[in-house]
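For reference, the structure discussed in these notes is given below.
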Amino acid sequence: MSKEIGTPKVGIVMGSDSDMPVMAKAADILEELGVPYEMAIISAHREPDVFYEYAKSAEQRGFKVIIAGAGMAAHLPGMCAAIFPMPVIGIPMHTTSLGGRDSLYSIVQMPSGIPVATVAINGGANAGLLAAKILATSDAELLGRLKNYSAELKEQVEQKDARLQREGYKAYLEGRKKG
Ligand code: RP5
């Protein structure tokens, strides 16, 4: 369990510490948007009893969304969705053997009745954003922060295009290589 800003509203859970660099991107976004979360490493396969307790108690502990990341035979998100009654967002991990398609198919192909909102392979940041957007449906201040976030993204693209128009593509590419 880790970093908290108030009572955690989002549970971030991963099957192994090898997933942490991707899961950290979800945590970074939630911190930027001021959404309290709790992070845990829990393996559905290696410690099913601990996993069951986590998923079973998540609602009572105040979680409104769970972000679950796993790789290979990635059952953690789907099993969270089977037990936790609110939204579950799944992050398929990139894998060396099958490039993450194993994780993606394991997470996205849920049976009817048990949905997992699956983001891209290694899509940690989008998982954090999606969790925040779900919470923003009943939190006007958070919605405002999300709108500012989107406005900043737009501004970044506009600045890049202005630079391209100013410098031309050759100088632009040189600048990218240097810095
Ligand atoms: C999954 O197996 C984890 O989510 C991880 O992505 C993958 C490999 O785990 P480690 O062998 O690195 O612990 O359960």
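Letters for chains follow the order of the structure tokens (A, B, ...), residue numbers begin at 1 for each chain, and ligand numbers begin at 1 in the order shown.
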Env of Leu30 in chain A: 10 Å cut, atoms = only C-alpha atoms, seq-sep filter 5 positions within chain, self excluded. Answer as a PDB file with C-alpha atoms, in the first residue's frame.
```
ATOM      1  CA  VAL A  10      -8.965   4.520  -6.620  1.00  0.00           C
ATOM      2  CA  ALA A  24       3.213   4.424 -11.858  1.00  0.00           C
ATOM      3  CA  LYS A  25       1.960   6.365 -14.886  1.00  0.00           C
ATOM      4  CA  VAL A  35      -7.294  12.092  -6.810  1.00  0.00           C
ATOM      5  CA  PRO A  36      -6.466   9.978  -3.734  1.00  0.00           C
ATOM      6  CA  TYR A  37      -5.397   6.419  -4.528  1.00  0.00           C
ATOM      7  CA  ALA A 125      -1.626   7.150 -18.146  1.00  0.00           C
ATOM      8  CA  ALA A 127      -6.060   4.259 -17.179  1.00  0.00           C
ATOM      9  CA  GLY A 128      -5.423   7.038 -14.640  1.00  0.00           C
ATOM     10  CA  LEU A 129      -7.295   9.539 -16.801  1.00  0.00           C
ATOM     11  CA  LEU A 130     -10.228   7.206 -17.322  1.00  0.00           C
ATOM     12  CA  ALA A 131     -10.505   6.590 -13.577  1.00  0.00           C
ATOM     13  CA  ALA A 132     -10.487  10.361 -12.985  1.00  0.00           C
TER      14      ALA A 132
END
```
Mind dumping a table of every chain A residue within 10 Å of ligand 1, with the nearest atom pair and its distance in Å to one decimal, using only C-alpha atoms and all ligand atoms, sorted by chain and rising number, as a Markdown table?
```
| residue | atom | partner | partner_atom_place_in_ligand_line | distance |
| --- | --- | --- | --- | --- |
| A:Val13 | CA | ligand 1 | 4 (O) | 9.4 |
| A:Met14 | CA | ligand 1 | 4 (O) | 5.8 |
| A:Gly15 | CA | ligand 1 | 4 (O) | 3.6 |
| A:Ser16 | CA | ligand 1 | 13 (O) | 4.5 |
| A:Asp17 | CA | ligand 1 | 13 (O) | 6.5 |
| A:Ser18 | CA | ligand 1 | 12 (O) | 4.7 |
| A:Asp19 | CA | ligand 1 | 6 (O) | 5.4 |
| A:Met20 | CA | ligand 1 | 6 (O) | 9.1 |
| A:Ile41 | CA | ligand 1 | 4 (O) | 9.0 |
| A:Ile42 | CA | ligand 1 | 14 (O) | 8.7 |
| A:Ser43 | CA | ligand 1 | 14 (O) | 5.9 |
| A:Ala44 | CA | ligand 1 | 14 (O) | 7.4 |
| A:His45 | CA | ligand 1 | 14 (O) | 6.9 |
| A:Arg46 | CA | ligand 1 | 14 (O) | 8.0 |
| A:Ala68 | CA | ligand 1 | 4 (O) | 9.0 |
| A:Gly69 | CA | ligand 1 | 4 (O) | 6.2 |
| A:Ala70 | CA | ligand 1 | 4 (O) | 3.2 |
| A:Gly71 | CA | ligand 1 | 6 (O) | 3.3 |
| A:Met72 | CA | ligand 1 | 2 (O) | 5.7 |
| A:Ala73 | CA | ligand 1 | 1 (C) | 6.9 |
| A:Ala74 | CA | ligand 1 | 1 (C) | 6.1 |
| A:His75 | CA | ligand 1 | 14 (O) | 7.9 |
| A:Leu76 | CA | ligand 1 | 4 (O) | 7.6 |
| A:Pro77 | CA | ligand 1 | 4 (O) | 9.8 |
| A:Ile91 | CA | ligand 1 | 4 (O) | 9.6 |
| A:Pro92 | CA | ligand 1 | 6 (O) | 8.1 |
| A:Met93 | CA | ligand 1 | 6 (O) | 5.8 |
| A:His94 | CA | ligand 1 | 6 (O) | 7.8 |
| A:Thr95 | CA | ligand 1 | 6 (O) | 7.5 |
| A:Gly100 | CA | ligand 1 | 6 (O) | 9.4 |
| A:Ser103 | CA | ligand 1 | 6 (O) | 8.1 |
```
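The two atoms in question, CA of Ser57 in chain A and CA of Pro8 in chain A, are spaced 13.1 Å apart.
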message: Could you go through range 81-141 of chain A and tell me which residues DSSP, when run on the backbone, assigns to alpha helix (DSSP H), listing them as a PyMOL selection string?
response: chain A and resi 81-83+101-108+124-136+140-141
message: With DSSP run on the backbone, what are the strand (DSSP E or B) residues within range 3-176 of chain A? I'd like them as number ranges by chain.
response: A: 10-14, 37-41, 65-70, 88-92, 117-118
Save out the residues we just selected, N, CA and C atoms, as a CSV table (one decimal), in the first residue's frame.
```
chain,number,residue,atom,x,y,z
A,10,VAL,N,-9.4,5.4,-5.5
A,10,VAL,CA,-9.0,4.5,-6.6
A,10,VAL,C,-8.0,3.5,-6.0
A,11,GLY,N,-8.3,2.2,-6.3
A,11,GLY,CA,-7.3,1.2,-6.0
A,11,GLY,C,-6.5,0.9,-7.2
A,12,ILE,N,-5.2,1.0,-7.1
A,12,ILE,CA,-4.3,0.6,-8.2
A,12,ILE,C,-3.6,-0.7,-7.8
A,13,VAL,N,-3.9,-1.7,-8.5
A,13,VAL,CA,-3.3,-3.0,-8.1
A,13,VAL,C,-2.6,-3.7,-9.3
A,14,MET,N,-1.5,-4.3,-9.0
A,14,MET,CA,-0.7,-5.0,-10.1
A,14,MET,C,-0.3,-6.4,-9.6
A,37,TYR,N,-5.4,7.8,-4.1
A,37,TYR,CA,-5.4,6.4,-4.5
A,37,TYR,C,-4.6,5.6,-3.5
A,38,GLU,N,-4.6,4.3,-3.7
A,38,GLU,CA,-3.8,3.4,-2.9
A,38,GLU,C,-3.2,2.4,-3.9
A,39,MET,N,-2.0,2.1,-3.7
A,39,MET,CA,-1.3,1.2,-4.7
A,39,MET,C,-0.9,-0.1,-4.0
A,40,ALA,N,-1.1,-1.3,-4.6
A,40,ALA,CA,-0.8,-2.6,-4.0
A,40,ALA,C,-0.3,-3.5,-5.1
A,41,ILE,N,0.6,-4.4,-4.6
A,41,ILE,CA,1.0,-5.6,-5.4
A,41,ILE,C,0.4,-6.8,-4.9
A,65,VAL,N,-13.3,3.1,-8.0
A,65,VAL,CA,-12.8,2.5,-9.3
A,65,VAL,C,-11.5,1.7,-8.9
A,66,ILE,N,-11.3,0.6,-9.6
A,66,ILE,CA,-10.0,-0.2,-9.5
A,66,ILE,C,-9.3,-0.1,-10.8
A,67,ILE,N,-8.0,0.2,-10.8
A,67,ILE,CA,-7.2,0.1,-12.0
A,67,ILE,C,-6.3,-1.2,-11.7
A,68,ALA,N,-6.5,-2.2,-12.5
A,68,ALA,CA,-5.7,-3.4,-12.3
A,68,ALA,C,-4.8,-3.7,-13.5
A,69,GLY,N,-3.5,-3.9,-13.3
A,69,GLY,CA,-2.6,-4.2,-14.4
A,69,GLY,C,-2.0,-5.6,-14.2
A,70,ALA,N,-1.9,-6.3,-15.3
A,70,ALA,CA,-1.3,-7.6,-15.3
A,70,ALA,C,-0.8,-8.0,-16.6
A,88,VAL,N,-14.0,-1.4,-13.2
A,88,VAL,CA,-12.6,-1.9,-13.2
A,88,VAL,C,-11.9,-1.5,-14.5
A,89,ILE,N,-10.8,-0.9,-14.5
A,89,ILE,CA,-10.0,-0.6,-15.7
A,89,ILE,C,-8.8,-1.5,-15.7
A,90,GLY,N,-8.7,-2.2,-16.9
A,90,GLY,CA,-7.6,-3.2,-17.0
A,90,GLY,C,-6.4,-2.6,-17.8
A,91,ILE,N,-5.2,-2.8,-17.4
A,91,ILE,CA,-4.0,-2.4,-18.2
A,91,ILE,C,-3.2,-3.7,-18.6
A,92,PRO,N,-3.2,-4.0,-19.9
A,92,PRO,CA,-2.4,-5.2,-20.3
A,92,PRO,C,-1.0,-4.8,-20.4
A,117,ALA,N,-13.0,-2.3,-18.5
A,117,ALA,CA,-12.6,-1.2,-19.4
A,117,ALA,C,-11.1,-1.3,-19.7
A,118,THR,N,-10.8,-1.9,-20.9
A,118,THR,CA,-9.4,-2.2,-21.1
A,118,THR,C,-8.7,-1.1,-21.9
```
